file my_file_34.tsv (TSV, C-alpha atoms)
chain	number	residue	atom	x	y	z
I	20	MET	CA	-0.13	-24.93	-20.42
I	21	SER	CA	1.21	-24.37	-16.91
I	22	ASN	CA	0.73	-27.03	-14.25
I	23	VAL	CA	-0.79	-24.36	-11.96
I	24	ASN	CA	-3.65	-21.98	-12.73
I	25	SER	CA	-3.12	-19.37	-10.04
I	26	VAL	CA	-0.35	-18.00	-7.84
I	27	TYR	CA	-2.53	-19.22	-4.96
I	28	ASP	CA	-2.60	-22.87	-6.09
I	29	VAL	CA	-0.96	-25.60	-4.03
I	30	ILE	CA	2.19	-26.51	-5.92
I	31	PRO	CA	2.46	-30.17	-6.95
I	32	ALA	CA	5.38	-32.32	-5.83
I	33	TRP	CA	8.00	-33.29	-8.41
I	34	ALA	CA	7.34	-36.77	-9.85
I	35	ALA	CA	9.53	-39.18	-11.77
I	36	SER	CA	8.74	-39.97	-15.41
I	37	THR	CA	6.52	-36.90	-15.73
I	38	SER	CA	6.34	-34.53	-18.69
I	39	TYR	CA	7.10	-30.93	-17.68
I	40	ASN	CA	6.77	-27.75	-19.73
I	41	VAL	CA	8.96	-24.66	-19.42
I	42	TYR	CA	8.10	-22.72	-16.22
I	43	ASP	CA	6.09	-25.55	-14.65
I	44	ILE	CA	6.36	-25.26	-10.88
I	45	VAL	CA	7.10	-28.12	-8.47
I	46	THR	CA	8.10	-28.66	-4.86
I	47	ILE	CA	10.69	-31.08	-3.60
I	48	ASN	CA	11.70	-31.37	0.06
I	49	GLY	CA	9.89	-28.09	0.81
I	50	ALA	CA	11.75	-26.10	-1.87
I	51	ILE	CA	10.10	-24.65	-4.98
I	52	TYR	CA	11.59	-25.10	-8.46
I	53	TYR	CA	10.67	-23.85	-11.95
I	54	ALA	CA	11.24	-25.90	-15.12
I	55	LEU	CA	13.87	-24.30	-17.36
I	56	ILE	CA	13.25	-26.57	-20.34
I	57	LYS	CA	10.52	-28.88	-21.60
I	58	HIS	CA	11.46	-32.41	-20.52
I	59	VAL	CA	10.38	-35.74	-19.11
I	60	SER	CA	11.77	-36.19	-15.62
I	61	THR	CA	14.18	-38.98	-14.83
I	62	SER	CA	13.93	-41.25	-11.80
I	63	SER	CA	15.91	-38.75	-9.67
I	64	PHE	CA	15.34	-35.05	-9.05
I	65	ALA	CA	19.07	-34.66	-8.32
I	66	THR	CA	19.82	-35.95	-11.83
I	67	ASP	CA	17.35	-33.49	-13.39
I	68	LEU	CA	18.74	-30.63	-11.29
I	69	ALA	CA	22.33	-31.47	-12.27
I	70	ALA	CA	21.24	-31.47	-15.94
I	71	SER	CA	20.02	-27.85	-15.53
I	72	LYS	CA	16.38	-28.73	-16.04
I	73	TRP	CA	15.21	-26.79	-12.96
I	74	GLY	CA	15.84	-23.30	-11.58
I	75	GLY	CA	14.64	-21.27	-8.65
I	76	ARG	CA	17.24	-22.09	-5.99
I	77	THR	CA	20.97	-21.60	-5.95
I	78	THR	CA	23.99	-21.68	-3.68
I	79	PHE	CA	26.04	-18.51	-3.43
I	80	ASN	CA	28.88	-18.01	-0.94
I	81	GLY	CA	27.82	-21.22	0.79
I	82	GLU	CA	24.22	-20.06	1.31
I	83	ILE	CA	21.23	-21.78	-0.35
I	84	LYS	CA	18.40	-19.37	-1.21
I	85	PRO	CA	15.67	-18.84	-3.76
I	86	HIS	CA	17.08	-17.54	-7.03
I	87	PHE	CA	15.25	-15.12	-9.33
I	88	PHE	CA	16.75	-16.23	-12.65
I	89	TRP	CA	14.51	-14.36	-15.12
I	90	LYS	CA	16.22	-11.65	-17.16
I	91	PRO	CA	14.60	-8.21	-17.19
I	92	SER	CA	13.79	-6.35	-20.40
I	93	TYR	CA	15.50	-3.15	-21.42
I	94	ASN	CA	14.61	0.20	-19.81
I	95	SER	CA	15.31	-0.83	-16.25
I	96	THR	CA	16.25	1.82	-13.71
I	97	THR	CA	18.74	1.38	-10.87
I	98	GLN	CA	19.05	3.89	-8.05
I	99	SER	CA	21.83	4.31	-5.51
I	100	GLU	CA	21.52	6.57	-2.50
I	101	PRO	CA	24.36	5.93	-0.05
I	102	LYS	CA	23.49	6.55	3.60
I	103	ILE	CA	25.82	9.10	5.13
I	104	ARG	CA	26.19	11.11	8.31
I	105	SER	CA	26.79	14.77	7.71
I	106	ILE	CA	27.83	17.66	9.94
I	107	LYS	CA	27.66	21.16	8.48
I	108	TYR	CA	30.01	23.83	9.74
I	109	GLY	CA	30.20	27.49	8.87
I	110	GLU	CA	31.67	28.77	5.62
I	111	SER	CA	29.85	25.99	3.63
I	112	TYR	CA	32.15	23.33	5.07
I	113	GLU	CA	30.64	19.88	5.53
I	114	GLN	CA	32.06	16.67	6.98
I	115	ARG	CA	30.61	13.39	5.67
I	116	SER	CA	31.08	9.77	6.71
I	117	SER	CA	29.44	6.45	5.86
I	118	ASP	CA	26.42	5.53	7.97
I	119	GLY	CA	26.62	1.80	8.74
I	120	ILE	CA	28.33	-1.10	7.05
I	121	ASN	CA	25.70	-1.72	4.35
I	122	ASN	CA	25.26	1.90	3.43
I	123	ASN	CA	25.07	1.71	-0.37
I	124	LEU	CA	22.38	-0.82	-1.24
I	125	ILE	CA	20.74	-0.41	-4.64
I	126	LYS	CA	17.07	-0.16	-5.58
I	127	ALA	CA	15.96	-1.09	-9.07
I	128	SER	CA	12.81	-1.01	-11.16
I	129	TYR	CA	12.71	-3.87	-13.65
I	130	ASN	CA	10.38	-4.51	-16.56
I	131	PHE	CA	9.63	-7.98	-17.86
I	132	ASP	CA	7.93	-7.34	-21.20
I	133	LEU	CA	6.41	-9.76	-23.72
I	134	ARG	CA	6.16	-12.68	-21.28
I	135	THR	CA	3.99	-15.72	-21.96
I	136	ASP	CA	1.19	-16.89	-19.68
I	137	ASN	CA	3.43	-19.63	-18.23
I	138	GLU	CA	6.44	-17.39	-17.64
I	139	THR	CA	4.22	-14.70	-16.10
I	140	MET	CA	2.67	-17.27	-13.77
I	141	ALA	CA	6.12	-18.46	-12.68
I	142	ILE	CA	7.47	-14.94	-12.06
I	143	LEU	CA	4.38	-13.83	-10.16
I	144	HIS	CA	4.39	-17.06	-8.16
I	145	PHE	CA	8.04	-16.53	-7.20
I	146	LEU	CA	7.35	-12.97	-6.00
I	147	HIS	CA	4.07	-13.91	-4.28
I	148	VAL	CA	5.66	-16.74	-2.27
I	149	ARG	CA	8.50	-14.46	-1.05
I	150	ALA	CA	5.92	-11.77	-0.10
I	151	ALA	CA	8.63	-9.11	0.51
I	152	VAL	CA	9.80	-11.09	3.56
I	153	GLU	CA	12.13	-13.77	2.23
I	154	SER	CA	15.19	-12.49	0.38
I	155	PHE	CA	16.39	-14.10	-2.84
I	156	PHE	CA	19.48	-14.09	-5.02
I	157	PHE	CA	19.42	-12.10	-8.24
I	158	SER	CA	22.11	-10.92	-10.66
I	159	PRO	CA	21.22	-7.43	-11.91
I	160	PRO	CA	22.18	-6.61	-15.49
I	161	ARG	CA	25.44	-4.85	-16.28
I	162	PRO	CA	27.05	-2.68	-15.03
I	163	TYR	CA	26.11	-4.20	-11.65
I	164	GLY	CA	26.16	-7.82	-12.83
I	165	ILE	CA	27.05	-9.69	-9.63
I	166	THR	CA	24.76	-11.84	-7.53
I	167	LYS	CA	23.29	-10.05	-4.53
I	168	LYS	CA	20.35	-10.52	-2.13
I	169	PHE	CA	17.11	-8.69	-2.84
I	170	ILE	CA	13.51	-8.43	-1.77
I	171	CYS	CA	10.61	-7.25	-3.91
I	172	ARG	CA	8.11	-5.10	-2.03
I	173	GLN	CA	6.00	-4.13	-5.04
I	174	TRP	CA	5.13	-5.53	-8.45
I	175	SER	CA	2.38	-5.20	-11.02
I	176	GLU	CA	1.25	-7.23	-14.00
I	177	THR	CA	-0.41	-5.96	-17.16
I	178	TYR	CA	-2.28	-8.36	-19.43
I	179	SER	CA	-1.56	-6.91	-22.89
I	180	PHE	CA	-3.27	-9.55	-25.02
I	181	SER	CA	-3.47	-13.32	-25.37
I	182	ASP	CA	-0.29	-14.95	-24.01
I	183	ASN	CA	1.43	-11.57	-23.62
I	184	HIS	CA	2.04	-9.90	-20.27
I	185	GLU	CA	4.18	-7.15	-18.78
I	186	ILE	CA	5.46	-7.24	-15.22
I	187	LYS	CA	7.01	-4.30	-13.38
I	188	ALA	CA	8.89	-5.13	-10.19
I	189	ASN	CA	10.83	-3.02	-7.71
I	190	PHE	CA	13.83	-4.84	-6.22
I	191	GLU	CA	15.66	-3.64	-3.13
I	192	GLU	CA	19.09	-4.99	-2.22
I	193	VAL	CA	19.23	-6.24	1.38
I	194	ALA	CA	22.03	-7.38	3.66
I	195	ASN	CA	20.21	-10.49	4.92

call {"tool": "encode", "arguments": {"input": "my_file_34.tsv", "output": "structure tokens"}}
result
Amino acid sequence: MSNVNSVYDVIPAWAASTSYNVYDIVTINGAIYYALIKHVSTSSFATDLAASKWGGRTTFNGEIKPHFFWKPSYNSTTQSEPKIRSIKYGESYEQRSSDGINNNLIKASYNFDLRTDNETMAILHFLHVRAAVESFFFSPPRPYGITKKFICRQWSETYSFSDNHEIKANFEEVAN
């Protein structure tokens, strides 16, 4: 059972010597973390974090940001539409050039199928807190496979049956 009942709940602070289940949500120093494994916390959050018991934040290229660590299911779609400037001349001749420095950012539709109540709560909480304003790190599946910054402007959740949910989320790569 998750330690929160709604994405709107106030998230409890991490506490020493406390039993946590997978995907329990805590705050520490204003940052939000999600339990990666079932465990009893030690006397130090830093020790638990170093032991890979918590996820949800990461450092990449010297920047600390929220980290969407959940892996999408199969049947995800990624779209690229580079921004270009184009001038058309006669005789079907066209000159093209890149428009801006971040002109080829990807958009992707991800499915998260067969997710438990606790995992669904954690994923929805993560997206709800960011509210399409705060960017986060995410590593898309291959062939993209490198960590980039994204926002999620739209997501939906389907309750299939007891302890089984499907989430669809649209991620957009951003430069900041």

call {"tool": "closest_residue", "arguments": {"input": "my_file_34.tsv", "among": "I:Glu100, I:Glu191, I:Glu113, I:Glu82", "to": "I:Tyr129", "atoms": "all atoms listed in the file"}}
result
I:Glu191

call {"tool": "residues_around", "arguments": {"input": "my_file_34.tsv", "residues": "I:Ala54", "least_positions_apart": "4", "cutoff": "10 Å", "atoms": "only C-alpha atoms", "output": "list in words"}}
result
Tyr39, Asn40, Val41, Tyr42, Asp43, Ile44, Val45, His58, Asp67, Leu68, Ser71, Lys72, Trp73, Gly74, Gly75 and Ala141 of chain I

call {"tool": "atom_distance", "arguments": {"input": "my_file_34.tsv", "atom1": "atom CA of I:Ala194", "atom2": "atom CA of I:Ser95"}}
result
22.0 Å

call {"tool": "residues_near_point", "arguments": {"input": "my_file_34.tsv", "point": "(18.4, -3.5, -18.9)", "cutoff": "12 Å", "atoms": "all atoms listed in the file", "output": "ChimeraX atom specification"}}
result
/I:90-97,127-132,158-164

call {"tool": "write_last_selection", "arguments": {"input": "my_file_34.tsv", "atoms": "C-alpha atoms", "output": "CSV table (one decimal), in the coordinates of the input"}}
result
chain,number,residue,atom,x,y,z
I,90,LYS,CA,16.2,-11.6,-17.2
I,91,PRO,CA,14.6,-8.2,-17.2
I,92,SER,CA,13.8,-6.4,-20.4
I,93,TYR,CA,15.5,-3.2,-21.4
I,94,ASN,CA,14.6,0.2,-19.8
I,95,SER,CA,15.3,-0.8,-16.2
I,96,THR,CA,16.2,1.8,-13.7
I,97,THR,CA,18.7,1.4,-10.9
I,127,ALA,CA,16.0,-1.1,-9.1
I,128,SER,CA,12.8,-1.0,-11.2
I,129,TYR,CA,12.7,-3.9,-13.6
I,130,ASN,CA,10.4,-4.5,-16.6
I,131,PHE,CA,9.6,-8.0,-17.9
I,132,ASP,CA,7.9,-7.3,-21.2
I,158,SER,CA,22.1,-10.9,-10.7
I,159,PRO,CA,21.2,-7.4,-11.9
I,160,PRO,CA,22.2,-6.6,-15.5
I,161,ARG,CA,25.4,-4.8,-16.3
I,162,PRO,CA,27.0,-2.7,-15.0
I,163,TYR,CA,26.1,-4.2,-11.6
I,164,GLY,CA,26.2,-7.8,-12.8

call {"tool": "atom_distance", "arguments": {"input": "my_file_34.tsv", "atom1": "atom CA of I:Pro85", "atom2": "atom CA of I:Phe155"}}
result
4.9 Å
